[in-house]
>>> print(open('coords-v1.txt').read())   # compact mmCIF, N, CA and C atoms and all ligand atoms
# COMPACT_ATOMS: atom_id res chain seq x y z
N MET P 1 -7.35 -7.44 7.55
CA MET P 1 -6.49 -6.77 6.58
C MET P 1 -5.85 -5.55 7.23
N ASN P 2 -4.74 -5.10 6.67
CA ASN P 2 -4.04 -3.91 7.18
C ASN P 2 -4.48 -2.68 6.41
N ILE P 3 -5.02 -1.72 7.12
CA ILE P 3 -5.60 -0.53 6.50
C ILE P 3 -4.93 0.72 7.07
N LEU P 4 -4.48 1.57 6.17
CA LEU P 4 -3.91 2.86 6.57
C LEU P 4 -4.96 3.95 6.38
N ILE P 5 -5.21 4.72 7.44
CA ILE P 5 -6.13 5.85 7.36
C ILE P 5 -5.32 7.14 7.39
N ILE P 6 -5.50 7.98 6.37
CA ILE P 6 -4.88 9.30 6.34
C ILE P 6 -6.01 10.30 6.53
N GLU P 7 -6.06 10.89 7.71
CA GLU P 7 -7.22 11.70 8.13
C GLU P 7 -6.78 12.64 9.24
N ASP P 8 -7.14 13.93 9.12
CA ASP P 8 -6.70 14.89 10.13
C ASP P 8 -7.77 15.18 11.19
N ASN P 9 -8.98 14.71 10.97
CA ASN P 9 -10.06 14.97 11.93
C ASN P 9 -10.13 13.83 12.93
N GLU P 10 -9.97 14.16 14.22
CA GLU P 10 -9.87 13.11 15.24
C GLU P 10 -11.16 12.28 15.35
N GLN P 11 -12.31 12.94 15.22
CA GLN P 11 -13.57 12.19 15.34
C GLN P 11 -13.74 11.21 14.20
N ASN P 12 -13.41 11.65 12.98
CA ASN P 12 -13.50 10.73 11.85
C ASN P 12 -12.50 9.60 11.99
N MET P 13 -11.28 9.94 12.41
CA MET P 13 -10.24 8.91 12.60
C MET P 13 -10.71 7.88 13.62
N TYR P 14 -11.24 8.37 14.73
CA TYR P 14 -11.69 7.47 15.80
C TYR P 14 -12.79 6.54 15.29
N LEU P 15 -13.77 7.11 14.57
CA LEU P 15 -14.90 6.31 14.10
C LEU P 15 -14.45 5.28 13.07
N GLU P 16 -13.64 5.71 12.11
CA GLU P 16 -13.18 4.77 11.08
C GLU P 16 -12.37 3.63 11.72
N ARG P 17 -11.47 4.02 12.62
CA ARG P 17 -10.63 3.02 13.28
C ARG P 17 -11.50 2.04 14.09
N TYR P 18 -12.43 2.59 14.85
CA TYR P 18 -13.29 1.76 15.68
C TYR P 18 -14.08 0.74 14.83
N LEU P 19 -14.67 1.22 13.75
CA LEU P 19 -15.49 0.34 12.91
C LEU P 19 -14.64 -0.75 12.26
N LEU P 20 -13.47 -0.37 11.77
CA LEU P 20 -12.62 -1.36 11.09
C LEU P 20 -12.05 -2.36 12.08
N GLU P 21 -11.59 -1.90 13.24
CA GLU P 21 -11.02 -2.83 14.23
C GLU P 21 -12.11 -3.75 14.79
N SER P 22 -13.33 -3.24 14.89
CA SER P 22 -14.43 -4.08 15.37
C SER P 22 -14.72 -5.22 14.40
N SER P 23 -14.32 -5.05 13.15
CA SER P 23 -14.50 -6.09 12.14
C SER P 23 -13.23 -6.90 11.92
N GLY P 24 -12.24 -6.71 12.80
CA GLY P 24 -11.06 -7.56 12.76
C GLY P 24 -9.91 -7.04 11.92
N HIS P 25 -10.01 -5.83 11.41
CA HIS P 25 -8.92 -5.27 10.61
C HIS P 25 -7.91 -4.58 11.51
N ARG P 26 -6.69 -4.46 11.01
CA ARG P 26 -5.65 -3.72 11.72
C ARG P 26 -5.49 -2.35 11.05
N VAL P 27 -5.40 -1.33 11.87
CA VAL P 27 -5.41 0.04 11.38
C VAL P 27 -4.12 0.76 11.77
N SER P 28 -3.54 1.47 10.82
CA SER P 28 -2.50 2.43 11.15
C SER P 28 -2.99 3.82 10.74
N GLU P 29 -2.44 4.84 11.38
CA GLU P 29 -2.98 6.19 11.25
C GLU P 29 -1.91 7.17 10.79
N ALA P 30 -2.33 8.13 9.98
CA ALA P 30 -1.49 9.28 9.66
C ALA P 30 -2.38 10.51 9.61
N ARG P 31 -1.84 11.64 10.06
CA ARG P 31 -2.64 12.87 10.19
C ARG P 31 -2.43 13.84 9.04
N ASP P 32 -1.44 13.60 8.20
CA ASP P 32 -1.25 14.48 7.05
C ASP P 32 -0.61 13.68 5.90
N GLY P 33 -0.49 14.34 4.75
CA GLY P 33 -0.02 13.67 3.56
C GLY P 33 1.38 13.08 3.67
N PRO P 34 2.37 13.90 4.04
CA PRO P 34 3.73 13.34 4.13
C PRO P 34 3.83 12.17 5.11
N ALA P 35 3.14 12.27 6.26
CA ALA P 35 3.16 11.15 7.22
C ALA P 35 2.47 9.92 6.61
N GLY P 36 1.40 10.16 5.86
CA GLY P 36 0.68 9.06 5.23
C GLY P 36 1.51 8.36 4.17
N ILE P 37 2.23 9.13 3.39
CA ILE P 37 3.08 8.55 2.35
C ILE P 37 4.19 7.71 2.99
N ALA P 38 4.78 8.25 4.05
CA ALA P 38 5.83 7.52 4.76
C ALA P 38 5.29 6.22 5.35
N ALA P 39 4.09 6.29 5.95
CA ALA P 39 3.49 5.10 6.55
C ALA P 39 3.15 4.07 5.47
N ALA P 40 2.65 4.54 4.33
CA ALA P 40 2.30 3.62 3.25
C ALA P 40 3.53 2.87 2.75
N ARG P 41 4.63 3.60 2.61
CA ARG P 41 5.87 2.96 2.13
C ARG P 41 6.39 1.97 3.15
N ALA P 42 6.23 2.30 4.44
CA ALA P 42 6.78 1.45 5.49
C ALA P 42 5.95 0.18 5.67
N THR P 43 4.63 0.27 5.47
CA THR P 43 3.76 -0.87 5.82
C THR P 43 3.15 -1.57 4.62
N VAL P 44 3.12 -0.92 3.44
CA VAL P 44 2.42 -1.46 2.25
C VAL P 44 1.08 -2.09 2.68
N PRO P 45 0.11 -1.24 3.03
CA PRO P 45 -1.17 -1.75 3.54
C PRO P 45 -2.00 -2.41 2.44
N ASP P 46 -3.08 -3.08 2.84
CA ASP P 46 -4.01 -3.68 1.89
C ASP P 46 -4.97 -2.65 1.32
N LEU P 47 -5.11 -1.53 2.01
CA LEU P 47 -6.02 -0.46 1.58
C LEU P 47 -5.57 0.85 2.22
N ILE P 48 -5.69 1.93 1.46
CA ILE P 48 -5.46 3.27 2.01
C ILE P 48 -6.78 4.04 1.95
N LEU P 49 -7.23 4.54 3.10
CA LEU P 49 -8.41 5.41 3.16
C LEU P 49 -7.90 6.84 3.30
N LEU P 50 -8.30 7.69 2.38
CA LEU P 50 -7.66 8.99 2.22
C LEU P 50 -8.67 10.13 2.30
N ASP P 51 -8.48 10.98 3.29
CA ASP P 51 -9.25 12.23 3.38
C ASP P 51 -8.76 13.18 2.30
N ILE P 52 -9.63 14.07 1.81
CA ILE P 52 -9.21 15.06 0.81
C ILE P 52 -8.76 16.35 1.47
N GLN P 53 -9.52 16.81 2.46
CA GLN P 53 -9.16 18.07 3.14
C GLN P 53 -8.16 17.77 4.23
N LEU P 54 -6.88 17.92 3.88
CA LEU P 54 -5.78 17.68 4.82
C LEU P 54 -4.96 18.96 4.91
N PRO P 55 -4.29 19.18 6.03
CA PRO P 55 -3.45 20.37 6.14
C PRO P 55 -2.27 20.28 5.18
N GLY P 56 -1.97 21.38 4.50
CA GLY P 56 -0.84 21.38 3.57
C GLY P 56 -1.18 20.68 2.28
N MET P 57 -0.66 19.48 2.12
CA MET P 57 -0.84 18.68 0.91
C MET P 57 -2.25 18.09 0.90
N ASP P 58 -3.09 18.41 -0.11
CA ASP P 58 -4.44 17.85 -0.09
C ASP P 58 -4.45 16.40 -0.58
N GLY P 59 -5.61 15.76 -0.42
CA GLY P 59 -5.71 14.34 -0.71
C GLY P 59 -5.41 13.98 -2.15
N TYR P 60 -5.76 14.88 -3.07
CA TYR P 60 -5.45 14.58 -4.48
C TYR P 60 -3.95 14.52 -4.71
N ALA P 61 -3.24 15.48 -4.11
CA ALA P 61 -1.78 15.49 -4.24
C ALA P 61 -1.17 14.26 -3.58
N VAL P 62 -1.76 13.85 -2.44
CA VAL P 62 -1.28 12.64 -1.76
C VAL P 62 -1.49 11.42 -2.66
N ALA P 63 -2.67 11.35 -3.29
CA ALA P 63 -2.97 10.21 -4.17
C ALA P 63 -1.97 10.14 -5.34
N ARG P 64 -1.72 11.30 -5.94
CA ARG P 64 -0.78 11.30 -7.07
C ARG P 64 0.62 10.86 -6.62
N ALA P 65 1.03 11.32 -5.43
CA ALA P 65 2.35 10.94 -4.92
C ALA P 65 2.41 9.44 -4.62
N LEU P 66 1.32 8.90 -4.06
CA LEU P 66 1.28 7.46 -3.76
C LEU P 66 1.33 6.66 -5.05
N ARG P 67 0.63 7.13 -6.08
CA ARG P 67 0.57 6.41 -7.34
C ARG P 67 1.89 6.43 -8.10
N ALA P 68 2.79 7.34 -7.71
CA ALA P 68 4.10 7.41 -8.34
C ALA P 68 5.07 6.39 -7.73
N LEU P 69 4.63 5.68 -6.70
CA LEU P 69 5.52 4.75 -5.99
C LEU P 69 5.24 3.32 -6.45
N SER P 70 6.24 2.71 -7.04
CA SER P 70 6.03 1.39 -7.65
C SER P 70 5.68 0.33 -6.60
N GLU P 71 6.17 0.48 -5.36
CA GLU P 71 5.89 -0.54 -4.35
C GLU P 71 4.43 -0.54 -3.91
N LEU P 72 3.70 0.53 -4.28
CA LEU P 72 2.30 0.64 -3.87
C LEU P 72 1.34 0.46 -5.04
N VAL P 73 1.86 -0.05 -6.15
CA VAL P 73 1.06 -0.09 -7.37
C VAL P 73 -0.21 -0.93 -7.22
N ALA P 74 -0.18 -1.93 -6.34
CA ALA P 74 -1.34 -2.82 -6.20
C ALA P 74 -2.27 -2.41 -5.06
N VAL P 75 -1.95 -1.34 -4.36
CA VAL P 75 -2.72 -0.96 -3.17
C VAL P 75 -3.88 -0.04 -3.56
N PRO P 76 -5.13 -0.47 -3.32
CA PRO P 76 -6.25 0.42 -3.63
C PRO P 76 -6.28 1.63 -2.69
N ILE P 77 -6.67 2.76 -3.25
CA ILE P 77 -6.84 4.00 -2.49
C ILE P 77 -8.30 4.41 -2.60
N VAL P 78 -8.95 4.58 -1.45
CA VAL P 78 -10.34 5.02 -1.43
C VAL P 78 -10.42 6.37 -0.74
N VAL P 79 -10.99 7.34 -1.44
CA VAL P 79 -11.18 8.67 -0.89
C VAL P 79 -12.38 8.65 0.06
N VAL P 80 -12.20 9.27 1.23
CA VAL P 80 -13.30 9.42 2.19
C VAL P 80 -13.45 10.92 2.40
N THR P 81 -14.54 11.47 1.86
CA THR P 81 -14.63 12.93 1.85
C THR P 81 -16.06 13.42 1.95
N SER P 82 -16.20 14.61 2.51
CA SER P 82 -17.51 15.25 2.61
C SER P 82 -17.74 16.23 1.47
N TYR P 83 -16.77 16.40 0.61
CA TYR P 83 -16.97 17.25 -0.56
C TYR P 83 -18.14 16.72 -1.36
N ALA P 84 -19.13 17.56 -1.58
CA ALA P 84 -20.30 17.12 -2.34
C ALA P 84 -20.29 17.73 -3.73
N LEU P 85 -19.16 18.31 -4.10
CA LEU P 85 -19.10 18.98 -5.40
C LEU P 85 -19.20 17.95 -6.53
N SER P 86 -19.94 18.32 -7.57
CA SER P 86 -19.99 17.42 -8.72
C SER P 86 -18.61 17.41 -9.36
N GLY P 87 -18.21 16.25 -9.84
CA GLY P 87 -16.89 16.14 -10.44
C GLY P 87 -15.83 15.71 -9.46
N ASP P 88 -16.17 15.70 -8.17
CA ASP P 88 -15.17 15.32 -7.18
C ASP P 88 -14.79 13.84 -7.30
N ARG P 89 -15.79 13.03 -7.59
CA ARG P 89 -15.53 11.59 -7.76
C ARG P 89 -14.60 11.36 -8.96
N ALA P 90 -14.90 12.06 -10.05
CA ALA P 90 -14.06 11.94 -11.24
C ALA P 90 -12.64 12.42 -10.94
N ARG P 91 -12.55 13.51 -10.17
CA ARG P 91 -11.23 14.05 -9.83
C ARG P 91 -10.42 13.04 -9.02
N ALA P 92 -11.11 12.34 -8.13
CA ALA P 92 -10.43 11.31 -7.33
C ALA P 92 -9.90 10.19 -8.23
N LEU P 93 -10.71 9.80 -9.21
CA LEU P 93 -10.28 8.74 -10.12
C LEU P 93 -9.08 9.19 -10.94
N VAL P 94 -9.12 10.44 -11.41
CA VAL P 94 -8.01 10.95 -12.20
C VAL P 94 -6.72 10.97 -11.37
N ALA P 95 -6.85 11.25 -10.07
CA ALA P 95 -5.67 11.30 -9.20
C ALA P 95 -5.16 9.90 -8.86
N GLY P 96 -5.84 8.86 -9.34
CA GLY P 96 -5.36 7.50 -9.13
C GLY P 96 -6.08 6.75 -8.03
N CYS P 97 -7.20 7.30 -7.56
CA CYS P 97 -7.96 6.61 -6.52
C CYS P 97 -8.89 5.57 -7.15
N ASP P 98 -9.32 4.62 -6.32
CA ASP P 98 -10.10 3.49 -6.83
C ASP P 98 -11.53 3.47 -6.32
N GLY P 99 -11.85 4.36 -5.43
CA GLY P 99 -13.20 4.37 -4.89
C GLY P 99 -13.42 5.62 -4.07
N TYR P 100 -14.63 5.70 -3.52
CA TYR P 100 -15.09 6.95 -2.94
C TYR P 100 -16.12 6.60 -1.87
N ILE P 101 -15.89 7.05 -0.65
CA ILE P 101 -16.86 6.87 0.43
C ILE P 101 -17.22 8.26 0.95
N GLU P 102 -18.52 8.53 1.04
CA GLU P 102 -18.96 9.86 1.46
C GLU P 102 -19.03 9.99 2.97
N LYS P 103 -18.63 11.18 3.45
CA LYS P 103 -18.87 11.57 4.83
C LYS P 103 -20.18 12.34 4.87
N PRO P 104 -20.90 12.36 5.97
CA PRO P 104 -20.55 11.68 7.22
C PRO P 104 -20.54 10.16 7.06
N ILE P 105 -19.61 9.53 7.77
CA ILE P 105 -19.45 8.09 7.69
C ILE P 105 -20.70 7.40 8.22
N ASN P 106 -21.22 6.49 7.41
CA ASN P 106 -22.38 5.70 7.82
C ASN P 106 -21.89 4.40 8.43
N PRO P 107 -22.06 4.23 9.75
CA PRO P 107 -21.53 3.03 10.42
C PRO P 107 -22.11 1.73 9.87
N ASP P 108 -23.28 1.81 9.23
CA ASP P 108 -23.91 0.60 8.71
C ASP P 108 -23.29 0.13 7.40
N THR P 109 -22.61 1.02 6.68
CA THR P 109 -22.09 0.64 5.37
C THR P 109 -20.58 0.80 5.23
N PHE P 110 -19.95 1.50 6.15
CA PHE P 110 -18.55 1.89 5.98
C PHE P 110 -17.62 0.69 5.81
N VAL P 111 -17.73 -0.30 6.70
CA VAL P 111 -16.80 -1.43 6.64
C VAL P 111 -17.01 -2.23 5.36
N ALA P 112 -18.28 -2.41 4.98
CA ALA P 112 -18.56 -3.17 3.75
C ALA P 112 -17.96 -2.47 2.53
N LEU P 113 -18.04 -1.15 2.49
CA LEU P 113 -17.47 -0.40 1.37
C LEU P 113 -15.94 -0.54 1.34
N ALA P 114 -15.33 -0.46 2.51
CA ALA P 114 -13.87 -0.60 2.59
C ALA P 114 -13.45 -2.02 2.18
N GLU P 115 -14.18 -3.01 2.66
CA GLU P 115 -13.85 -4.41 2.33
C GLU P 115 -14.05 -4.67 0.84
N ALA P 116 -15.09 -4.09 0.26
CA ALA P 116 -15.32 -4.27 -1.18
C ALA P 116 -14.15 -3.69 -1.98
N ALA P 117 -13.62 -2.57 -1.52
CA ALA P 117 -12.49 -1.96 -2.22
C ALA P 117 -11.27 -2.87 -2.19
N MET P 118 -11.08 -3.58 -1.07
CA MET P 118 -9.93 -4.49 -0.98
C MET P 118 -10.14 -5.71 -1.87
N VAL P 119 -11.37 -6.21 -1.93
CA VAL P 119 -11.66 -7.36 -2.77
C VAL P 119 -11.51 -7.00 -4.24
N ASN P 120 -12.00 -5.83 -4.60
CA ASN P 120 -11.96 -5.41 -6.02
C ASN P 120 -10.57 -4.98 -6.45
N GLY P 121 -9.75 -4.55 -5.49
CA GLY P 121 -8.39 -4.12 -5.82
C GLY P 121 -8.40 -2.84 -6.62
N ARG P 122 -7.39 -2.68 -7.44
CA ARG P 122 -7.27 -1.47 -8.24
C ARG P 122 -8.35 -1.42 -9.30
N SER P 123 -8.89 -0.21 -9.50
CA SER P 123 -9.90 -0.03 -10.55
C SER P 123 -9.30 -0.35 -11.91
N GLN P 124 -10.11 -0.98 -12.73
CA GLN P 124 -9.64 -1.35 -14.07
C GLN P 124 -9.17 -0.13 -14.85
N GLU P 125 -9.97 0.95 -14.77
CA GLU P 125 -9.66 2.11 -15.60
C GLU P 125 -8.41 2.84 -15.12
N ASN P 126 -8.00 2.55 -13.87
CA ASN P 126 -6.81 3.21 -13.35
C ASN P 126 -5.58 2.31 -13.41
N GLU P 127 -5.78 1.12 -13.89
CA GLU P 127 -4.69 0.16 -13.81
C GLU P 127 -3.49 0.65 -14.62
N THR P 128 -2.34 0.62 -13.99
CA THR P 128 -1.12 1.00 -14.68
C THR P 128 -0.83 -0.04 -15.75
N PRO P 129 -0.56 0.40 -16.98
CA PRO P 129 -0.26 -0.59 -18.03
C PRO P 129 0.89 -1.50 -17.59
N ARG P 130 0.70 -2.77 -17.80
CA ARG P 130 1.73 -3.73 -17.41
C ARG P 130 2.58 -4.09 -18.63
N PRO P 131 3.84 -4.40 -18.40
CA PRO P 131 4.65 -4.85 -19.54
C PRO P 131 4.07 -6.13 -20.11
N ALA P 132 4.21 -6.31 -21.40
CA ALA P 132 3.69 -7.53 -22.03
C ALA P 132 4.39 -8.74 -21.44
N ALA P 133 3.64 -9.82 -21.35
CA ALA P 133 4.20 -11.05 -20.79
C ALA P 133 5.33 -11.56 -21.68
N PHE P 134 6.28 -12.20 -21.05
CA PHE P 134 7.35 -12.80 -21.84
C PHE P 134 6.77 -13.95 -22.65
N PRO P 135 7.29 -14.16 -23.87
CA PRO P 135 6.77 -15.26 -24.70
C PRO P 135 7.11 -16.62 -24.09
MN MN H 201 -9.83 16.56 6.79
>>> encode(input="coords-v1.txt", output="C-alpha cells", more="lines below")
Ligand code: MN
Amino acid sequence: MNILIIEDNEQNMYLERYLLESSGHRVSEARDGPAGIAAARATVPDLILLDIQLPGMDGYAVARALRALSELVAVPIVVVTSYALSGDRARALVAGCDGYIEKPINPDTFVALAEAAMVNGRSQENETPRPAAFP
C-alpha cells in the first residue's frame, strides 16, 4: 500500500519507513504540514501517518486541513505521537483522525497497527455524512 508519513524527526521517519518498506509498503515522506498536505493531494495515499509536534502547523491543524479536501475523504489518518496527555486521543478524533499510535514506536506492533488502519478505513464516528442514495 502507499503510505504518506508526515514527520519532522529523522529517527522516527527512518524507523517508520524502514518497518513499512520491510513489509512491502511504499512510503512517501513530508517534514511539515504544508509539504504533507501537498504530497497527500498529489499522491492520494492509502494511509497518512501524522506526527502531532511539527514545526509551524501542528498535526491537529494538518488533520483538519486534510479533512477539508474532498479528494482525501476516504483516506484514513493515523496520529503517531508521544503526547501522553489525557484527551489527546479524543482531540485527534475530533480533528478528523481515525486512529492513534503511541511513540516510542514499537517495531513489533507498528506495521500491524498501520495495516489495521488501512483495512478499517475511516472511523465510523468520523465518517462524513454521505448524500442519500438516488432512488
Ligand atoms: Mn515531531
>>> closest_residue(input="coords-v1.txt", among="P:Ala38, P:Ala68, P:Leu4, P:Leu54", to="ligand MN 201 (chain H)", atoms="only N, CA and C atoms and all ligand atoms")
P:Leu54
>>> residues_around(input="coords-v1.txt", residues="P:Ile105", least_positions_apart="3", cutoff="8 Å", atoms="only C-alpha atoms", output="ChimeraX atom specification")
/P:12,16,101-102,110
>>> closest_residue(input="coords-v1.txt", among="P:Gly99, P:Pro104, P:Pro34, P:Pro55", to="ligand MN 201 (chain H)", atoms="only N, CA and C atoms and all ligand atoms")
P:Pro55
>>> atom_distance(input="coords-v1.txt", atom1="atom CA of P:Ala92", atom2="atom CA of P:Ala30")
19.3 Å
>>> residues_near_ligand(input="coords-v1.txt", ligand="ligand MN 201 (chain H)", cutoff="6 Å", atoms="only C-alpha atoms and all ligand atoms", output="ChimeraX atom specification")
/P:7-9,51,53-54
>>> atom_distance(input="coords-v1.txt", atom1="atom C of P:Gln11", atom2="atom CA of P:Arg31")
11.9 Å
